[in-house]
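J.: Structure incoming, see below.
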Amino acid sequence: MRIERNSFLALLGKDEYFKIMLIVASSLWIFTSLEKIPLVVPNYYSDVGYLWIRDVYQGHHNLQIPYFQYELEYPQVIGALILISQAVSTVFPIVIDQYNTFVVTMAVLEYPFMIGTLYLLYKLCSKLHLSQNRIYLYIVSTVTFIVYGFYNWDFVVAFFVTLCIWFYLEKRYDKSSFILAVAVLTKFIPGIMLPAMLSGLPSWRARSRFFAIAAGTWGLVNAPFAIANFGTWVKLFIGYSGPNHQLQNTWISMVIQTAGLGDIISGARSGQILSFGIIFYLVIRAIASDRTPLEKILLSWYAWYGAIYLFDPQMFLQLFPIVVLTPNFDFILYRFADVLNSFIILLYFIGSSHPELPSYLTDQLTPFGLINLCSSIRQLIFLGAYFFAFNPKRQERVRNFFRGLILPLRFGKAS
């Protein structure tokens with residue numbers, strides 16, 4: 001059987017660097033999964049474990065069909081993974097009990113998506129003449145990978161986003177549009193790429209075809225649920241994570257409170273309007289620029305995560321491929337954002353063990369509390385990437401500015 005030169009198996013067989021990278025990533029995946037398994041003491045919180053508690057133990061929705069028999073805030077690809085894990089843990093509860101088996105099964109199911117993301121990025125780095133060391137520096141060696149690698153389903157999103165970009169750069173637009181729909185069927189956020197992708201196509205006919213395939217795929221998957229039980233299906237958009245969601249882990253909440261427009265709940269609508277207004281402007285600005293199609297796609301991601309009103313720490317994983325493909329993203333700033341991102345969950349439950357501490361330490365969501373401060377600085381770094389990461393001259397002016405501030409200090413020490 002002939003193996004293609006750049007296929008996964010071919011790379012695994014001939015590329016020692018790629019093989020070592022996968023061994024390291026797999027070792028860390030085992031660790032990030034083990035620390036979330038309930039039977040391990042101590043273990044860490046994960047959304048995967050929480051969903052089993054909420055929907056199976058408390059909600060009694062085991063093996064029920066989401067969007068039809070019960071409300072689920074995650075789209076259909078994640079819904080399918082949840083249903084598979086419920087089935088395996090119900091029929092074969094081999095890891096102590098059903099709860100532990102569910103979490104282990106999900107870790108196994110998500111592992112190929114993590115490996116697939118690294119593989120596609122390895123090929124993209126080669127195609128774009130970027131150093132493949134970037135995958136180590138910006139993904140595998142990060143604190144975020146260890147803390148949140150297995151936590152939610154964001155590596156599944158990262159895989160489909162990377163695959164979508166790969167097909168787009170290969171000019172296989174039909175496949176790219178189909179995978180974009182699958183990415184949106186995993187989480188809604190990858191839809192932010194659509195305007196930039198459409199603008200990079202050669203003709204209006206190509207744009208119409210791209211949009212039709214993506215929208216048609218999404219519609220075909222959602223139609224049966226909408227027809228069967230519209231009231232439950234529509235809660236995918238207006239339920240747990242719908243437009244009434246509070247402002248969370250974002251600098252937007254600071255602005256809203258400072259402006260006297262409310263707190264994270266009463267000011268949510270104002271915050272959402274501000275957030276989407278900024279994102280809309282930045283995406284249009286990117287599309288109207290003279291950047292390459294890939295750069296416009298990447299800028300759209302920085303626009304979204306730089307200004308979105310809800311930026312939970314696990315979502316950082318969705319930016320892994322985006323940052324790797326951004327050659328001039330400042331490494332020091334990125335690692336600073338990575339460490340701040342890990343602080344969010346590490347400090348999140350401090351109030352339960354130390355209720356005597358002041359509220360700015362114990363309240364996870366207060367706009368000017370410690371946790372939201374970490375979240376906001378991390379988010380502003382990505383907003384800054386929108387304006388600086390693709391402009392080396394602007395980056396150099398900033399460096400010169402800070403050198404000018406430091407230079408007098410050096411001369412002061414010398415004298």
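Lettering and numbering for the structure tokens are positional, with chains as A, B, ... in the shown order, residues counted from 1 in each chain, and ligands counted from 1 in the shown order.
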Give me, as a list in words, all polymer residues having an atom no more than 7 Å from region 136-147 of chain A, counting only C-alpha atoms and skipping those fewer than 2 positions away in the same chain.

T.: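 Here the qualifying residues turn out to be Ala25, Leu28, Thr32, Asn133, Arg134, Gly149, Phe320, Val324, Asp338, Val339, Asn341 and Ser342 of chain A.
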
J.: How would you write, as a PyMOL selection string, the set of residues in region 304-370 of chain A that DSSP gives as alpha helix (DSSP H)?

T.: chain A and resi 304-307+320-324+331-348+350-353+359-362+370

J.: The selected residues should be written to file as a compact mmCIF listing (two decimals), in the first residue's frame (atoms: C-alpha atoms).

T.:
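Result went into part-v2.txt, see below:
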```
# COMPACT_ATOMS: atom_id res chain seq x y z
CA TRP A 304 -13.16 38.39 17.98
CA TYR A 305 -11.11 37.36 20.97
CA GLY A 306 -9.72 40.85 21.52
CA ALA A 307 -13.17 42.30 22.13
CA PHE A 320 -3.32 28.04 19.17
CA PRO A 321 -3.31 27.61 15.36
CA ILE A 322 -3.96 31.31 14.82
CA VAL A 323 -0.90 32.36 16.82
CA VAL A 324 1.34 29.69 15.28
CA PHE A 331 6.77 35.52 22.14
CA ILE A 332 7.21 37.19 25.55
CA LEU A 333 3.77 38.81 25.44
CA TYR A 334 2.21 35.53 24.33
CA ARG A 335 3.76 33.61 27.21
CA PHE A 336 2.62 36.32 29.60
CA ALA A 337 -0.94 35.90 28.27
CA ASP A 338 -0.53 32.12 28.62
CA VAL A 339 0.44 32.38 32.31
CA LEU A 340 -2.38 34.84 33.05
CA ASN A 341 -4.78 32.44 31.35
CA SER A 342 -3.76 29.62 33.68
CA PHE A 343 -4.29 31.88 36.71
CA ILE A 344 -8.01 32.17 35.91
CA ILE A 345 -8.90 28.59 36.88
CA LEU A 346 -6.12 28.25 39.47
CA LEU A 347 -7.55 31.22 41.40
CA TYR A 348 -11.21 30.65 40.52
CA ILE A 350 -10.05 30.47 46.14
CA GLY A 351 -13.15 31.97 47.74
CA SER A 352 -14.54 28.57 48.75
CA SER A 353 -11.44 27.73 50.80
CA SER A 359 -14.01 40.27 47.45
CA TYR A 360 -11.54 41.37 44.78
CA LEU A 361 -9.73 38.07 45.45
CA THR A 362 -12.72 35.77 46.00
CA LEU A 370 -7.87 39.75 40.48
```

J.: To one decimal place, how far is CA of Gly277 (chain A) from CA of Glu71 (chain A) in Å?

T.: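 Taking CA of Gly277 (chain A) and CA of Glu71 (chain A), their separation equals 29.0 Å.
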
J.: If we count only C-alpha atoms and set the cut-off at 12 Å, which residues sit around Ser131 (chain A), ignoring sequence neighbours fewer than 2 positions away in its own chain? Please answer as a list in words.

T.: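 Here the answer would be Leu121, Tyr122, Lys123, Leu124, Cys125, Ser126, Lys127, Leu128, His129, Asn133, Arg134, Ile135, Tyr136, Leu137, Tyr138, Val324, Leu325, Thr326, Pro327 and Asn328 of chain A.
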
J.: If we count only C-alpha atoms, what is near Leu298 (chain A) at a cut-off of 9 Å, once residues fewer than 2 positions away on the same chain are taken out, given as a count of residues only?

T.: 15

J.: Residues at most 6 Å from region 76-81 of chain A, counting only C-alpha atoms, excluding those fewer than 3 positions away in the same chain, as an mmCIF file with C-alpha atoms, in the first residue's frame?

T.:
```
data_model
loop_
_atom_site.group_PDB
_atom_site.id
_atom_site.type_symbol
_atom_site.label_atom_id
_atom_site.label_comp_id
_atom_site.auth_asym_id
_atom_site.auth_seq_id
_atom_site.Cartn_x
_atom_site.Cartn_y
_atom_site.Cartn_z
ATOM 1 C CA ILE A 84 -20.947 8.511 22.347
ATOM 2 C CA LEU A 185 -21.286 22.850 14.239
ATOM 3 C CA THR A 186 -18.660 22.354 16.966
#
```

J.: Looking at only C-alpha atoms, which of A:Phe401, A:Tyr309, A:Phe382, A:Tyr99 is the one that sits closest to Ile256 (chain A)?

T.: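 Ranking A:Phe401, A:Tyr309, A:Phe382, A:Tyr99 by distance to Ile256 (chain A), first place goes to A:Tyr309.
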
J.: Go through A:Leu72, A:Leu34, A:Leu163, A:Met254 and flag the residue nearest Gly59 (chain A), using only C-alpha atoms for the distances.

T.: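 Once distances to Gly59 (chain A) are computed over only C-alpha atoms, the minimum belongs to A:Leu72.
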
J.: Find the residues near Tyr111 (chain A): any atom within 12 Å, counting only C-alpha atoms, skip ones fewer than 5 places away on the same chain, and give them as a ChimeraX atom specification.

T.: /A:22,25-30,32-33,104-106,116-118,149-151,153-156,159

J.: Using the selection just defined, write its residues with C-alpha atoms as a PDB file, in the first residue's frame.

T.:
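Result file follows (result16.pdb):
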```pdb
ATOM      1  CA  LEU A  22       3.934  13.866  19.100  1.00  0.00           C
ATOM      2  CA  ALA A  25       2.343  16.181  23.228  1.00  0.00           C
ATOM      3  CA  SER A  26       0.886  12.737  23.960  1.00  0.00           C
ATOM      4  CA  SER A  27       2.678  12.553  27.309  1.00  0.00           C
ATOM      5  CA  LEU A  28       1.279  15.925  28.302  1.00  0.00           C
ATOM      6  CA  TRP A  29      -2.172  14.903  27.069  1.00  0.00           C
ATOM      7  CA  ILE A  30      -2.108  11.913  29.394  1.00  0.00           C
ATOM      8  CA  THR A  32      -3.852  16.911  31.459  1.00  0.00           C
ATOM      9  CA  SER A  33      -6.464  14.140  31.193  1.00  0.00           C
ATOM     10  CA  VAL A 104     -11.869   8.901  30.287  1.00  0.00           C
ATOM     11  CA  THR A 105     -13.820   8.109  27.118  1.00  0.00           C
ATOM     12  CA  MET A 106     -14.048  11.792  26.264  1.00  0.00           C
ATOM     13  CA  GLY A 116      -4.558  16.201  14.069  1.00  0.00           C
ATOM     14  CA  THR A 117      -4.180  19.894  14.921  1.00  0.00           C
ATOM     15  CA  LEU A 118      -0.432  19.508  15.451  1.00  0.00           C
ATOM     16  CA  GLY A 149      -5.736  20.773  27.009  1.00  0.00           C
ATOM     17  CA  PHE A 150      -8.418  18.362  28.152  1.00  0.00           C
ATOM     18  CA  TYR A 151     -11.057  20.503  29.830  1.00  0.00           C
ATOM     19  CA  TRP A 153     -13.904  20.694  23.513  1.00  0.00           C
ATOM     20  CA  ASP A 154     -11.737  23.507  22.190  1.00  0.00           C
ATOM     21  CA  PHE A 155      -9.111  21.276  20.628  1.00  0.00           C
ATOM     22  CA  VAL A 156     -11.883  19.855  18.451  1.00  0.00           C
ATOM     23  CA  PHE A 159      -8.611  20.967  14.542  1.00  0.00           C
TER      24      PHE A 159
END
```

J.: Can you tell me how far CA of Ala214 (chain A) sits from CA of Gly271 (chain A), in Å to one decimal?

T.: 29.6 Å

J.: Tell me which protein, DNA and RNA residues are within 10 Å of region 229-238 of chain A, counting only C-alpha atoms, leaving out same-chain ones fewer than 6 positions away, and put them as number ranges by chain.

T.: A: 66-76, 188, 222-223, 244-245

J.: Enter the distance from CA of Ser376 (chain A) to CA of Thr292 (chain A), in Å, rounded to one decimal.

T.: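 So the two atoms, CA of Ser376 (chain A) and CA of Thr292 (chain A), lie 29.1 Å apart.
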